[in-house]
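For reference, my_file.tsv is printed below; it contains TSV, C-alpha atoms.
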```
chain	number	residue	atom	x	y	z
A	1	MET	CA	0.00	0.00	0.00
A	2	ILE	CA	2.70	2.45	1.13
A	3	LEU	CA	4.95	1.26	-1.67
A	4	ARG	CA	2.25	1.89	-4.26
A	5	LEU	CA	1.73	5.38	-2.81
A	6	ILE	CA	5.43	6.17	-3.11
A	7	GLU	CA	5.48	4.88	-6.68
A	8	GLU	CA	2.48	7.04	-7.51
A	9	VAL	CA	4.01	10.17	-6.03
A	10	ILE	CA	7.15	9.60	-8.09
A	11	ALA	CA	5.01	9.05	-11.20
A	12	ALA	CA	3.11	12.28	-10.48
A	13	ALA	CA	6.38	14.19	-10.07
A	14	VAL	CA	7.84	12.74	-13.28
A	15	GLY	CA	4.65	13.45	-15.22
A	16	THR	CA	4.55	17.01	-13.90
A	17	MET	CA	8.14	17.62	-14.96
A	18	ALA	CA	7.46	16.19	-18.42
A	19	PHE	CA	4.46	18.48	-18.85
A	20	ALA	CA	6.51	21.44	-17.64
A	21	LEU	CA	8.83	20.83	-20.58
A	22	MET	CA	5.87	20.69	-22.97
A	23	PHE	CA	4.80	24.16	-21.80
A	24	HIS	CA	8.35	25.49	-22.27
A	25	VAL	CA	8.96	26.13	-18.58
A	26	PRO	CA	12.64	27.09	-18.12
A	27	ARG	CA	14.79	24.15	-17.07
A	28	GLN	CA	15.73	25.45	-13.60
A	29	TYR	CA	12.07	25.21	-12.47
A	30	TYR	CA	11.41	21.57	-13.42
A	31	PHE	CA	12.37	20.11	-10.08
A	32	CYS	CA	10.24	22.43	-7.95
A	33	GLY	CA	7.31	21.88	-10.29
A	34	GLY	CA	7.76	18.15	-9.83
A	35	ILE	CA	7.71	18.53	-6.06
A	36	ALA	CA	4.51	20.59	-6.23
A	37	GLY	CA	2.82	18.03	-8.48
A	38	GLY	CA	3.95	15.08	-6.38
A	39	ALA	CA	2.92	16.72	-3.11
A	40	GLY	CA	-0.50	17.61	-4.53
A	41	TRP	CA	-1.08	14.00	-5.47
A	42	LEU	CA	0.20	12.73	-2.10
A	43	VAL	CA	-2.24	14.93	-0.21
A	44	TYR	CA	-5.09	13.93	-2.51
A	45	ARG	CA	-4.44	10.19	-2.19
A	46	ALA	CA	-3.72	10.21	1.52
A	47	LEU	CA	-6.99	12.02	2.19
A	48	GLU	CA	-8.97	10.01	-0.34
A	49	LEU	CA	-8.10	6.78	1.46
A	50	HIS	CA	-9.32	8.04	4.82
A	51	VAL	CA	-12.06	10.56	4.11
A	52	ASP	CA	-15.41	9.61	2.69
A	53	SER	CA	-15.72	12.54	0.36
A	54	LEU	CA	-15.14	13.19	-3.32
A	55	MET	CA	-14.46	16.90	-3.45
A	56	GLY	CA	-12.55	17.42	-0.21
A	57	PRO	CA	-9.37	15.52	-1.13
A	58	VAL	CA	-9.19	17.07	-4.61
A	59	CYS	CA	-9.65	20.52	-3.15
A	60	ALA	CA	-6.92	19.89	-0.58
A	61	GLY	CA	-4.62	18.55	-3.30
A	62	ALA	CA	-5.11	21.62	-5.50
A	63	PHE	CA	-4.60	23.85	-2.48
A	64	THR	CA	-1.30	22.11	-1.72
A	65	VAL	CA	-0.12	22.65	-5.29
A	66	VAL	CA	-0.95	26.38	-5.14
A	67	PHE	CA	0.59	26.80	-1.71
A	68	LEU	CA	3.89	25.18	-2.71
A	69	SER	CA	3.91	26.99	-6.05
A	70	ARG	CA	3.61	30.32	-4.31
A	71	ILE	CA	6.47	29.49	-1.94
A	72	PHE	CA	8.67	28.44	-4.86
A	73	ALA	CA	7.67	31.52	-6.84
A	74	VAL	CA	8.78	33.81	-4.03
A	75	ARG	CA	12.02	31.93	-3.47
A	76	LYS	CA	12.91	31.81	-7.17
A	77	LYS	CA	11.44	35.22	-8.06
A	78	CYS	CA	9.33	34.01	-10.94
A	79	PRO	CA	5.62	33.79	-11.80
A	80	VAL	CA	3.54	31.22	-9.87
A	81	THR	CA	2.34	29.87	-13.21
A	82	MET	CA	5.67	28.09	-13.78
A	83	PHE	CA	4.84	25.52	-11.09
A	84	LEU	CA	1.08	25.77	-10.87
A	85	ILE	CA	0.12	24.87	-14.44
A	86	PRO	CA	2.11	21.61	-14.70
A	87	GLY	CA	1.52	20.81	-11.01
A	88	ILE	CA	-2.26	20.75	-11.35
A	89	PHE	CA	-2.20	18.10	-14.11
A	90	PRO	CA	-2.19	14.97	-11.91
A	91	LEU	CA	-5.55	16.08	-10.47
A	92	VAL	CA	-7.26	16.56	-13.85
A	93	PRO	CA	-10.38	14.33	-13.98
A	94	GLY	CA	-9.35	12.69	-17.27
A	95	MET	CA	-10.88	9.36	-16.29
A	96	GLY	CA	-14.27	10.90	-15.54
A	97	ILE	CA	-14.42	12.71	-18.88
A	98	TYR	CA	-13.39	9.55	-20.71
A	99	GLN	CA	-16.05	7.47	-18.98
A	100	THR	CA	-18.65	10.15	-19.71
A	101	ALA	CA	-17.79	10.04	-23.42
A	102	GLN	CA	-17.92	6.24	-23.36
A	103	ALA	CA	-21.32	6.19	-21.69
A	104	LEU	CA	-22.64	8.77	-24.17
A	105	VAL	CA	-21.49	6.64	-27.09
A	106	GLY	CA	-23.21	3.64	-25.56
A	107	SER	CA	-26.43	5.68	-25.07
A	108	ASP	CA	-26.30	4.96	-21.34
A	109	TRP	CA	-27.73	8.30	-20.26
A	110	ASP	CA	-27.86	7.62	-16.52
A	111	LEU	CA	-24.24	6.55	-16.40
A	112	ALA	CA	-23.23	9.49	-18.60
A	113	ALA	CA	-25.02	11.95	-16.31
A	114	ALA	CA	-23.48	10.41	-13.20
A	115	LYS	CA	-19.94	10.34	-14.62
A	116	GLY	CA	-20.30	13.80	-16.13
A	117	LEU	CA	-21.45	15.22	-12.84
A	118	THR	CA	-18.55	13.55	-11.05
A	119	SER	CA	-16.10	15.13	-13.50
A	120	ILE	CA	-17.67	18.54	-13.01
A	121	LYS	CA	-17.50	18.13	-9.23
A	122	PHE	CA	-13.84	17.25	-9.58
A	123	ALA	CA	-13.19	20.35	-11.68
A	124	VAL	CA	-15.12	22.56	-9.25
A	125	ALA	CA	-13.07	21.15	-6.37
A	126	ILE	CA	-9.85	22.01	-8.23
A	127	VAL	CA	-11.14	25.54	-8.83
A	128	GLY	CA	-12.03	25.84	-5.15
A	129	GLY	CA	-8.60	24.67	-4.08
A	130	ILE	CA	-6.85	27.11	-6.40
A	131	LEU	CA	-9.01	30.05	-5.32
A	132	LEU	CA	-8.45	29.19	-1.67
A	133	GLY	CA	-4.71	29.03	-2.25
A	134	PHE	CA	-4.67	32.48	-3.80
A	135	GLU	CA	-6.66	33.98	-0.93
A	136	ILE	CA	-3.65	33.74	1.39
A	137	PRO	CA	-2.24	37.28	1.47
A	138	GLN	CA	1.03	37.79	-0.38
A	139	SER	CA	2.64	39.19	2.79
A	140	CYS	CA	2.73	35.67	4.28
A	141	PHE	CA	5.01	34.68	1.43
A	142	SER	CA	7.14	37.79	1.02
A	143	PHE	CA	8.19	37.21	4.62
A	144	LEU	CA	10.05	34.14	3.30
A	145	GLU	CA	11.80	36.21	0.69
A	146	ASN	CA	12.89	38.91	3.14
A	147	ARG	CA	14.32	36.42	5.57
A	148	LYS	CA	16.28	34.79	2.80
A	149	ARG	CA	17.65	38.06	1.54
A	150	LYS	CA	18.67	39.17	5.03
A	151	SER	CA	20.52	35.98	5.79
A	152	GLY	CA	22.22	36.31	2.42
A	153	LYS	CA	23.44	39.80	3.23
A	154	PHE	CA	24.80	39.13	6.68
A	155	SER	CA	26.28	35.68	6.19
B	156	MET	CA	11.23	63.86	-21.86
B	157	GLY	CA	11.35	64.16	-25.62
B	158	GLU	CA	8.78	62.98	-28.13
B	159	LYS	CA	11.03	60.17	-29.36
B	160	GLU	CA	11.73	59.00	-25.83
B	161	ARG	CA	8.02	58.84	-25.00
B	162	GLU	CA	7.33	56.81	-28.10
B	163	ARG	CA	10.05	54.34	-27.27
B	164	ILE	CA	8.86	53.83	-23.69
B	165	PHE	CA	5.34	53.36	-24.98
B	166	GLU	CA	6.64	50.77	-27.42
B	167	VAL	CA	8.48	48.89	-24.65
B	168	ALA	CA	5.39	48.71	-22.44
B	169	GLY	CA	3.15	47.67	-25.34
B	170	MET	CA	5.51	45.02	-26.61
B	171	ALA	CA	6.01	43.51	-23.14
B	172	GLY	CA	2.23	43.22	-22.84
B	173	ASP	CA	2.00	41.68	-26.30
B	174	ILE	CA	4.52	38.97	-25.54
B	175	LEU	CA	3.00	38.17	-22.16
B	176	LEU	CA	-0.53	37.82	-23.43
B	177	ARG	CA	0.50	35.80	-26.49
B	178	SER	CA	2.50	33.40	-24.31
B	179	GLY	CA	-0.44	32.68	-22.01
B	180	ALA	CA	-0.09	35.03	-19.03
B	181	GLU	CA	-3.05	35.93	-16.85
B	182	ILE	CA	-4.67	39.32	-17.51
B	183	SER	CA	-3.66	40.97	-14.26
B	184	ARG	CA	-0.01	40.20	-14.96
B	185	VAL	CA	-0.17	41.77	-18.43
B	186	ASP	CA	-1.87	44.83	-17.05
B	187	GLU	CA	0.46	45.22	-14.10
B	188	THR	CA	3.65	44.70	-16.12
B	189	MET	CA	2.70	47.38	-18.64
B	190	ARG	CA	1.84	49.83	-15.86
B	191	ARG	CA	5.02	49.09	-13.97
B	192	ILE	CA	7.24	49.59	-17.01
B	193	ALA	CA	5.51	52.89	-17.83
B	194	CYS	CA	5.83	53.95	-14.20
B	195	ALA	CA	9.51	53.00	-14.00
B	196	TYR	CA	10.29	55.23	-16.99
B	197	GLU	CA	8.06	57.96	-15.57
B	198	LEU	CA	5.59	57.90	-18.43
B	199	GLU	CA	2.44	59.40	-16.95
B	200	ASN	CA	-1.27	59.07	-17.62
B	201	VAL	CA	-1.08	55.59	-19.06
B	202	SER	CA	-4.31	53.63	-19.32
B	203	THR	CA	-4.51	49.96	-20.12
B	204	PHE	CA	-7.37	47.69	-21.02
B	205	VAL	CA	-6.52	44.05	-21.52
B	206	LEU	CA	-8.78	41.30	-22.79
B	207	SER	CA	-7.95	37.67	-23.41
B	208	ASN	CA	-7.19	38.44	-27.05
B	209	GLY	CA	-6.51	42.14	-27.27
B	210	ILE	CA	-4.61	44.98	-25.65
B	211	PHE	CA	-5.59	48.65	-25.64
B	212	LEU	CA	-2.92	51.02	-24.39
B	213	THR	CA	-3.04	54.82	-24.39
B	214	SER	CA	-0.91	57.57	-22.96
B	215	GLU	CA	-1.99	61.18	-22.68
B	216	VAL	CA	-0.21	64.47	-22.55
B	217	ALA	CA	-2.03	67.56	-21.32
B	218	GLY	CA	-5.45	66.05	-21.90
B	219	SER	CA	-5.07	65.21	-25.58
B	220	ASN	CA	-4.45	61.68	-26.76
B	221	HIS	CA	-0.80	61.31	-27.39
B	222	GLN	CA	-0.41	57.67	-28.27
B	223	VAL	CA	-2.74	54.78	-28.78
B	224	ARG	CA	-1.89	51.16	-29.34
B	225	VAL	CA	-4.48	48.51	-30.10
B	226	ARG	CA	-3.40	44.97	-30.78
B	227	HIS	CA	-5.32	41.84	-31.56
B	228	ILE	CA	-3.63	38.84	-30.04
B	229	PRO	CA	-4.87	35.41	-31.04
B	230	LEU	CA	-5.25	32.66	-28.43
B	231	ALA	CA	-2.03	30.75	-28.87
B	232	GLY	CA	0.04	28.03	-27.25
B	233	ALA	CA	1.83	28.26	-23.93
B	234	ARG	CA	5.33	29.72	-23.85
B	235	LEU	CA	6.02	29.97	-20.15
B	236	ASP	CA	9.72	30.64	-20.83
B	237	ARG	CA	8.77	33.96	-22.41
B	238	ILE	CA	6.57	34.91	-19.47
B	239	ASP	CA	9.43	34.21	-17.10
B	240	ALA	CA	11.85	36.24	-19.25
B	241	VAL	CA	9.54	39.27	-19.48
B	242	ASN	CA	8.88	39.01	-15.74
B	243	GLY	CA	12.61	39.12	-15.06
B	244	LEU	CA	13.10	41.98	-17.49
B	245	SER	CA	10.37	44.10	-15.92
B	246	ARG	CA	11.95	43.61	-12.50
B	247	GLU	CA	15.27	44.80	-13.90
B	248	ILE	CA	13.65	47.76	-15.63
B	249	GLU	CA	12.12	48.78	-12.30
B	250	LEU	CA	15.56	48.64	-10.74
B	251	GLY	CA	16.77	50.94	-13.49
B	252	PHE	CA	19.13	48.57	-15.30
B	253	PHE	CA	18.05	49.39	-18.86
B	254	THR	CA	17.39	52.41	-21.00
B	255	PRO	CA	14.25	52.13	-23.16
B	256	GLU	CA	16.40	51.28	-26.22
B	257	GLU	CA	18.12	48.43	-24.42
B	258	ALA	CA	14.83	47.16	-23.04
B	259	LEU	CA	13.39	47.13	-26.56
B	260	GLU	CA	16.36	45.09	-27.77
B	261	LYS	CA	15.89	42.66	-24.87
B	262	LEU	CA	12.21	42.27	-25.73
B	263	LYS	CA	13.06	41.52	-29.34
B	264	GLU	CA	15.45	38.84	-28.13
B	265	ILE	CA	12.74	37.36	-25.91
B	266	GLU	CA	10.35	37.31	-28.84
B	267	LYS	CA	12.86	35.28	-30.84
B	268	MET	CA	13.55	32.82	-28.02
B	269	PRO	CA	13.73	29.39	-29.62
B	270	GLN	CA	11.22	26.69	-28.74
B	271	LYS	CA	12.41	23.58	-27.00
B	272	PRO	CA	13.58	21.13	-29.68
B	273	GLY	CA	10.72	19.09	-31.14
B	274	TRP	CA	12.04	15.73	-30.03
B	275	HIS	CA	12.30	16.95	-26.44
B	276	GLN	CA	8.63	17.90	-26.51
B	277	ILE	CA	7.66	14.62	-28.15
B	278	LEU	CA	9.63	12.60	-25.60
B	279	ALA	CA	8.13	14.67	-22.78
B	280	ALA	CA	4.61	14.01	-24.06
B	281	GLY	CA	5.38	10.28	-24.11
B	282	ILE	CA	6.89	10.24	-20.62
B	283	GLY	CA	4.05	12.36	-19.24
B	284	SER	CA	1.47	10.03	-20.80
B	285	GLY	CA	3.17	6.95	-19.39
B	286	ALA	CA	3.57	8.48	-15.92
B	287	PHE	CA	-0.03	9.63	-15.69
B	288	CYS	CA	-1.31	6.28	-16.97
B	289	PHE	CA	0.57	4.64	-14.11
B	290	LEU	CA	-0.75	7.26	-11.71
B	291	PHE	CA	-4.36	6.47	-12.61
B	292	GLY	CA	-3.77	2.81	-11.75
B	293	GLY	CA	-2.21	1.25	-14.83
B	294	ASP	CA	0.48	-1.44	-14.74
B	295	ILE	CA	3.86	-1.27	-16.49
B	296	LEU	CA	2.58	-2.60	-19.80
B	297	ASP	CA	-0.26	-0.05	-19.85
B	298	SER	CA	2.22	2.73	-19.17
B	299	LEU	CA	4.45	1.58	-22.02
B	300	ALA	CA	1.48	1.57	-24.38
B	301	ALA	CA	0.44	5.04	-23.18
B	302	PHE	CA	4.03	6.22	-23.61
B	303	LEU	CA	4.05	5.06	-27.23
B	304	ALA	CA	0.59	6.49	-27.96
B	305	GLY	CA	1.51	9.85	-26.38
B	306	LEU	CA	4.71	9.91	-28.40
B	307	ILE	CA	2.91	9.31	-31.68
B	308	LEU	CA	0.21	11.83	-30.72
B	309	TYR	CA	2.75	14.58	-30.24
B	310	ILE	CA	4.58	13.74	-33.45
B	311	TYR	CA	1.19	14.19	-35.10
B	312	VAL	CA	0.49	17.45	-33.23
B	313	LEU	CA	3.90	18.98	-33.91
B	314	ASP	CA	4.65	17.80	-37.44
B	315	VAL	CA	1.34	17.12	-39.13
B	316	VAL	CA	-1.12	19.58	-37.57
B	317	ARG	CA	1.08	22.63	-36.87
B	318	GLY	CA	-1.10	25.52	-37.88
B	319	ARG	CA	-2.87	23.73	-40.70
B	320	LEU	CA	-5.99	22.68	-38.84
B	321	SER	CA	-8.39	24.65	-36.67
B	322	LYS	CA	-8.22	24.03	-32.95
B	323	ILE	CA	-11.39	21.95	-33.00
B	324	ALA	CA	-10.26	19.77	-35.88
B	325	ALA	CA	-6.78	19.35	-34.44
B	326	ASN	CA	-8.04	18.19	-31.05
B	327	ALA	CA	-10.78	15.97	-32.44
B	328	SER	CA	-8.34	14.25	-34.79
B	329	GLY	CA	-5.75	13.99	-32.02
B	330	GLY	CA	-8.30	12.37	-29.73
B	331	ALA	CA	-9.35	9.98	-32.49
B	332	LEU	CA	-5.72	9.10	-33.21
B	333	VAL	CA	-5.01	8.25	-29.57
B	334	MET	CA	-8.16	6.18	-29.24
B	335	ALA	CA	-7.41	4.27	-32.44
B	336	LEU	CA	-3.81	3.61	-31.36
B	337	THR	CA	-4.65	2.44	-27.84
B	338	LEU	CA	-7.46	0.30	-29.20
B	339	LEU	CA	-5.00	-1.30	-31.61
B	340	PHE	CA	-2.51	-1.89	-28.79
B	341	TYR	CA	-5.27	-3.34	-26.61
B	342	ARG	CA	-6.48	-5.71	-29.33
B	343	ILE	CA	-3.00	-7.10	-30.00
B	344	GLY	CA	-2.52	-7.63	-26.25
B	345	PHE	CA	-0.14	-4.71	-25.60
B	346	GLY	CA	-1.69	-3.29	-22.43
B	347	HIS	CA	-4.50	-4.54	-20.20
B	348	HIS	CA	-6.66	-1.51	-19.42
B	349	LEU	CA	-7.92	0.30	-22.48
B	350	ASP	CA	-9.40	3.22	-20.50
B	351	LEU	CA	-6.25	3.92	-18.49
B	352	MET	CA	-4.06	3.80	-21.58
B	353	SER	CA	-6.26	6.22	-23.51
B	354	VAL	CA	-6.69	8.68	-20.64
B	355	GLY	CA	-2.93	8.79	-20.05
B	356	ALA	CA	-2.15	9.36	-23.71
B	357	LEU	CA	-4.91	11.98	-24.08
B	358	LEU	CA	-3.58	14.18	-21.25
B	359	PRO	CA	-1.07	16.08	-23.46
B	360	LEU	CA	-4.09	17.49	-25.31
B	361	ILE	CA	-5.84	18.80	-22.16
B	362	PRO	CA	-5.70	22.63	-22.11
B	363	GLY	CA	-4.17	23.09	-18.66
B	364	VAL	CA	-2.91	26.60	-19.33
B	365	ALA	CA	-6.26	27.94	-20.49
B	366	PHE	CA	-8.04	26.30	-17.54
B	367	THR	CA	-5.66	27.56	-14.86
B	368	ASN	CA	-5.57	31.06	-16.35
B	369	SER	CA	-9.34	31.17	-16.58
B	370	ILE	CA	-9.61	30.47	-12.84
B	371	ARG	CA	-7.05	33.13	-12.02
B	372	ASP	CA	-8.80	35.66	-14.26
B	373	PHE	CA	-12.09	34.97	-12.49
B	374	ALA	CA	-10.33	35.38	-9.15
B	375	ASP	CA	-8.98	38.76	-10.31
B	376	GLN	CA	-12.48	39.76	-11.46
B	377	ASP	CA	-11.49	39.75	-15.13
B	378	TYR	CA	-14.72	37.99	-15.95
B	379	ILE	CA	-14.69	38.52	-19.72
B	380	SER	CA	-11.26	36.99	-20.17
B	381	GLY	CA	-12.04	34.29	-17.64
B	382	SER	CA	-15.15	33.26	-19.58
B	383	VAL	CA	-13.34	33.28	-22.92
B	384	ARG	CA	-10.62	31.06	-21.55
B	385	LEU	CA	-13.12	28.78	-19.85
B	386	LEU	CA	-14.96	28.48	-23.16
B	387	ASP	CA	-11.65	27.70	-24.84
B	388	THR	CA	-11.06	24.92	-22.31
B	389	MET	CA	-14.54	23.47	-22.76
B	390	ILE	CA	-14.36	23.52	-26.54
B	391	VAL	CA	-11.02	21.74	-26.57
B	392	ILE	CA	-12.27	19.08	-24.14
B	393	PHE	CA	-15.46	18.56	-26.14
B	394	SER	CA	-13.43	18.27	-29.34
B	395	ILE	CA	-11.22	15.61	-27.79
B	396	ALA	CA	-14.27	13.75	-26.51
B	397	LEU	CA	-15.82	13.99	-29.97
B	398	GLY	CA	-12.80	12.39	-31.62
B	399	VAL	CA	-12.59	9.69	-28.96
B	400	GLY	CA	-16.32	9.05	-29.15
B	401	LEU	CA	-16.32	8.70	-32.93
B	402	VAL	CA	-13.64	6.02	-32.84
B	403	MET	CA	-15.43	4.22	-30.01
B	404	MET	CA	-18.64	4.24	-31.99
B	405	TRP	CA	-16.93	3.05	-35.13
B	406	CYS	CA	-15.28	0.17	-33.30
B	407	GLY	CA	-18.41	-0.61	-31.29
B	408	ILE	CA	-17.13	-0.26	-27.73
B	409	GLY	CA	-19.71	2.00	-26.12
B	410	GLY	CA	-21.29	1.37	-22.75
B	411	SER	CA	-19.46	-0.02	-19.79
B	412	LEU	CA	-16.49	-1.93	-20.97
```

Have the structure of the file written as C-alpha cells, please.
Amino acid sequence: MILRLIEEVIAAAVGTMAFALMFHVPRQYYFCGGIAGGAGWLVYRALELHVDSLMGPVCAGAFTVVFLSRIFAVRKKCPVTMFLIPGIFPLVPGMGIYQTAQALVGSDWDLAAAKGLTSIKFAVAIVGGILLGFEIPQSCFSFLENRKRKSGKFS
Amino acid sequence: MGEKERERIFEVAGMAGDILLRSGAEISRVDETMRRIACAYELENVSTFVLSNGIFLTSEVAGSNHQVRVRHIPLAGARLDRIDAVNGLSREIELGFFTPEEALEKLKEIEKMPQKPGWHQILAAGIGSGAFCFLFGGDILDSLAAFLAGLILYIYVLDVVRGRLSKIAANASGGALVMALTLLFYRIGFGHHLDLMSVGALLPLIPGVAFTNSIRDFADQDYISGSVRLLDTMIVIFSIALGVGLVMMWCGIGGSL
C-alpha cells in the first residue's frame, strides 16, 4: 500500500516535470514543479483513502499545489504559473471525462449523467482549491523572501 | 522627456504586454507589467485595457491623446519561458538597469527565443502520458502503451497539424488518433486496461494553461477573459471527446467496458 503510494508520487512528479517541458517552462524550475505536483497527489491520495468525500481531497490537493507553487515563486522570483500549471495536471479528472464520453457513445444516459457530474464536481473542487490558495495574502510569502535576503546579506 | 523618448517607452510597455498575453499570461499580470514599465520610466497618464485576445494602451499628454496602441492577439500556445523572461526583465527595468532602447532590444530577443527542440517535446509528451497512466492505476505494460501512444500523438500534433488545422479539428483528430492507437494496442494484447491507456495518452491534449488562467482571471475579477478562456477549455475538451467518441462508436465499444 505504502509502496504503491510512493510509486504514484514519483510518477506524479515525473509526469509534472514532463508536462513542464511541454509548456516550455525554463529548465531550472522543473524540479520544484515536480515537487509541487507530487505533493499535490500525495495529499489527494492520503486524504482520499481516509475521508469519505469526493471533493474534499481534490480541493486539498489543488490547495497544496498552489501553496507550494507560491512558496517556490517567491524563493525563485518568478511567476507562480511556472509551477502551478504543470503541477495541477495529476488532479485533472481525465478518467471521468473519458467514462462520460464512453457512456454517451453507448447511449447509457444515466451513467453518462453520473460520470459527467462527477467530472464537473472534480473540476469545481480544483477551482475551489486554487481560489483558496490564492486567498492567502502575499505578505505571508514575502516574509520568506525577506528572511532569505537578510541571511544572504549578513552571512 | 522628448517625443522620441516617450514613443520608445510606450513601445516597450506595449511590446512587453503583447509577448505576455500571447504566451499565455493571466490578464492581471499583463496589465500590471505594462503599468510598472511605464511607471519605471516615468511615463504618466497611461491607461490599459486588456482582454484575453486584445490589448488597448493609451498615454496622454495635457489632456489630448498622445499615443494609442491597439493589438489583436490570437489565443495561442503556452510559452512559459517567455513569461518568465519578461517578468525578469520588468523587475530589472524597475531597478533601473536598462534604457528604453536596451529594453526594446531585450524584448526583441525574448520574442525570438527558440522553442524547446521538437524531439524533447515529443519525448516529454510520451513520458508524461506513461507516468499519468501509471498514476491512474495502470500497470507497467499499460504505461508503455500510453508512452508510445503519447509519443505518436505529439509527433502528429507537432509535425502534421502545426497551424494547418483549426483548434477543434486538431483536437478531435488527435483524440481519435489516440483512441485508435490504444485500441489497436489493446487488441493485440499490448496493455491490459484500455481506458487507463487512452486517458494517459490523451492528457497532453488537455488545455491546462487555459483552464488555470481562466480560474485566475475569475479570481482577479477579469470575468470577460475568464469566460473566454473557460470556453476555450470546454471547446477543446469537447473536441477531444468527440474524436474519442467517434472512434469508439466506429469500433463498437460504447457502454461499460

(request) Could the residues of chain B within 7 Å of chain A, counting all atoms listed in the file, be given as a ChimeraX atom specification, please? (result) /B:233-236,239,242,271,276,279-280,282-283,286-287,289-290,354,363-364,367,370,374,396,400,404,409-411

Let me see the file: selected residues, C-alpha atoms, as an mmCIF file, keeping the file's coordinate frame.
```
data_model
loop_
_atom_site.group_PDB
_atom_site.id
_atom_site.type_symbol
_atom_site.label_atom_id
_atom_site.label_comp_id
_atom_site.auth_asym_id
_atom_site.auth_seq_id
_atom_site.Cartn_x
_atom_site.Cartn_y
_atom_site.Cartn_z
ATOM 1 C CA ALA B 233 1.830 28.260 -23.930
ATOM 2 C CA ARG B 234 5.330 29.720 -23.850
ATOM 3 C CA LEU B 235 6.020 29.970 -20.150
ATOM 4 C CA ASP B 236 9.720 30.640 -20.830
ATOM 5 C CA ASP B 239 9.430 34.210 -17.100
ATOM 6 C CA ASN B 242 8.880 39.010 -15.740
ATOM 7 C CA LYS B 271 12.410 23.580 -27.000
ATOM 8 C CA GLN B 276 8.630 17.900 -26.510
ATOM 9 C CA ALA B 279 8.130 14.670 -22.780
ATOM 10 C CA ALA B 280 4.610 14.010 -24.060
ATOM 11 C CA ILE B 282 6.890 10.240 -20.620
ATOM 12 C CA GLY B 283 4.050 12.360 -19.240
ATOM 13 C CA ALA B 286 3.570 8.480 -15.920
ATOM 14 C CA PHE B 287 -0.030 9.630 -15.690
ATOM 15 C CA PHE B 289 0.570 4.640 -14.110
ATOM 16 C CA LEU B 290 -0.750 7.260 -11.710
ATOM 17 C CA VAL B 354 -6.690 8.680 -20.640
ATOM 18 C CA GLY B 363 -4.170 23.090 -18.660
ATOM 19 C CA VAL B 364 -2.910 26.600 -19.330
ATOM 20 C CA THR B 367 -5.660 27.560 -14.860
ATOM 21 C CA ILE B 370 -9.610 30.470 -12.840
ATOM 22 C CA ALA B 374 -10.330 35.380 -9.150
ATOM 23 C CA ALA B 396 -14.270 13.750 -26.510
ATOM 24 C CA GLY B 400 -16.320 9.050 -29.150
ATOM 25 C CA MET B 404 -18.640 4.240 -31.990
ATOM 26 C CA GLY B 409 -19.710 2.000 -26.120
ATOM 27 C CA GLY B 410 -21.290 1.370 -22.750
ATOM 28 C CA SER B 411 -19.460 -0.020 -19.790
#
```

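Going from CA of Gln376 (chain B) to CA of Ile182 (chain B) covers 9.9 Å.
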
(message) I'd like the contact shell of Gly273 (chain B) - 9 Å cut-off, all atoms listed in the file, skipping same-chain residues fewer than 6 positions apart - returned as an MDAnalysis selection string.
(response) chainID B and resid 310 313:314

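The spacing separating CA of Leu212 (chain B) from CA of Arg224 (chain B) amounts to 5.1 Å.
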
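Separating CA of Met352 (chain B) from CA of Ala301 (chain B) is a distance of 4.9 Å.
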
Skip Tyr44 (chain A) itself and residues of its chain fewer than 3 positions away, then list as a PDB file with C-alpha atoms, in the coordinates of the input all residues within 8 Å of it, counting all atoms listed in the file.
```pdb
ATOM      1  CA  GLY A  40      -0.500  17.610  -4.530  1.00  0.00           C
ATOM      2  CA  TRP A  41      -1.080  14.000  -5.470  1.00  0.00           C
ATOM      3  CA  LEU A  47      -6.990  12.020   2.190  1.00  0.00           C
ATOM      4  CA  GLU A  48      -8.970  10.010  -0.340  1.00  0.00           C
ATOM      5  CA  PRO A  57      -9.370  15.520  -1.130  1.00  0.00           C
ATOM      6  CA  VAL A  58      -9.190  17.070  -4.610  1.00  0.00           C
ATOM      7  CA  ALA A  60      -6.920  19.890  -0.580  1.00  0.00           C
ATOM      8  CA  GLY A  61      -4.620  18.550  -3.300  1.00  0.00           C
TER       9      GLY A  61
END
```

Using all atoms listed in the file, which protein or nucleic acid residues come within 9 Å of region 246-253 of chain B? Drop anything in the same chain fewer than 6 positions from it, and give the result as a CSV table (one decimal) with C-alpha atoms, keeping the file's coordinate frame.
```
chain,number,residue,atom,x,y,z
B,191,ARG,CA,5.0,49.1,-14.0
B,192,ILE,CA,7.2,49.6,-17.0
B,194,CYS,CA,5.8,54.0,-14.2
B,195,ALA,CA,9.5,53.0,-14.0
B,196,TYR,CA,10.3,55.2,-17.0
```

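Near (-2.0, 26.2, -4.4), the residues that fall inside 8 Å on the basis of only C-alpha atoms are Ala62, Phe63, Thr64, Val65, Val66, Phe67, Leu68, Ser69, Arg70, Leu84, Gly129, Ile130, Leu132, Gly133 and Phe134 of chain A.
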
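When only C-alpha atoms are used to compute distances to Ser183 (chain B), the closest of the residues B:Phe204, B:Tyr311, B:Trp274, B:Phe366 turns out to be B:Phe204.
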
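For the set B:Gly281, B:Gly318, B:Pro229, B:Gly169, the residue with the smallest atom-to-atom gap to Leu358 (chain B) is B:Gly281, counting only C-alpha atoms.
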
(request) For Leu299 (chain B), please output as a list in words all residues within 12 Å (counting only C-alpha atoms; exclusion window: fewer than 6 positions along the same chain). (result) Gly281, Ile282, Gly283, Ser284, Gly285, Ala286, Phe287, Cys288, Phe289, Gly293, Gly305, Leu306, Thr337, Phe340, Tyr341, Phe345, Gly346, His347, His348, Leu351, Met352, Ser353, Gly355 and Ala356 of chain B

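Nearest-residue note for Arg75 (chain A): choosing from A:Ile6, A:Ser119, A:Ser53, A:Cys32, the minimum distance belongs to A:Cys32, counting all atoms listed in the file.
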
(request) Counting only C-alpha atoms, figure out which residue out of B:Val216, B:Ala335, B:Ile295, B:Ile164 gets nearest to Leu308 (chain B). (result)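 Result for the nearest residue to Leu308 (chain B): B:Ala335.
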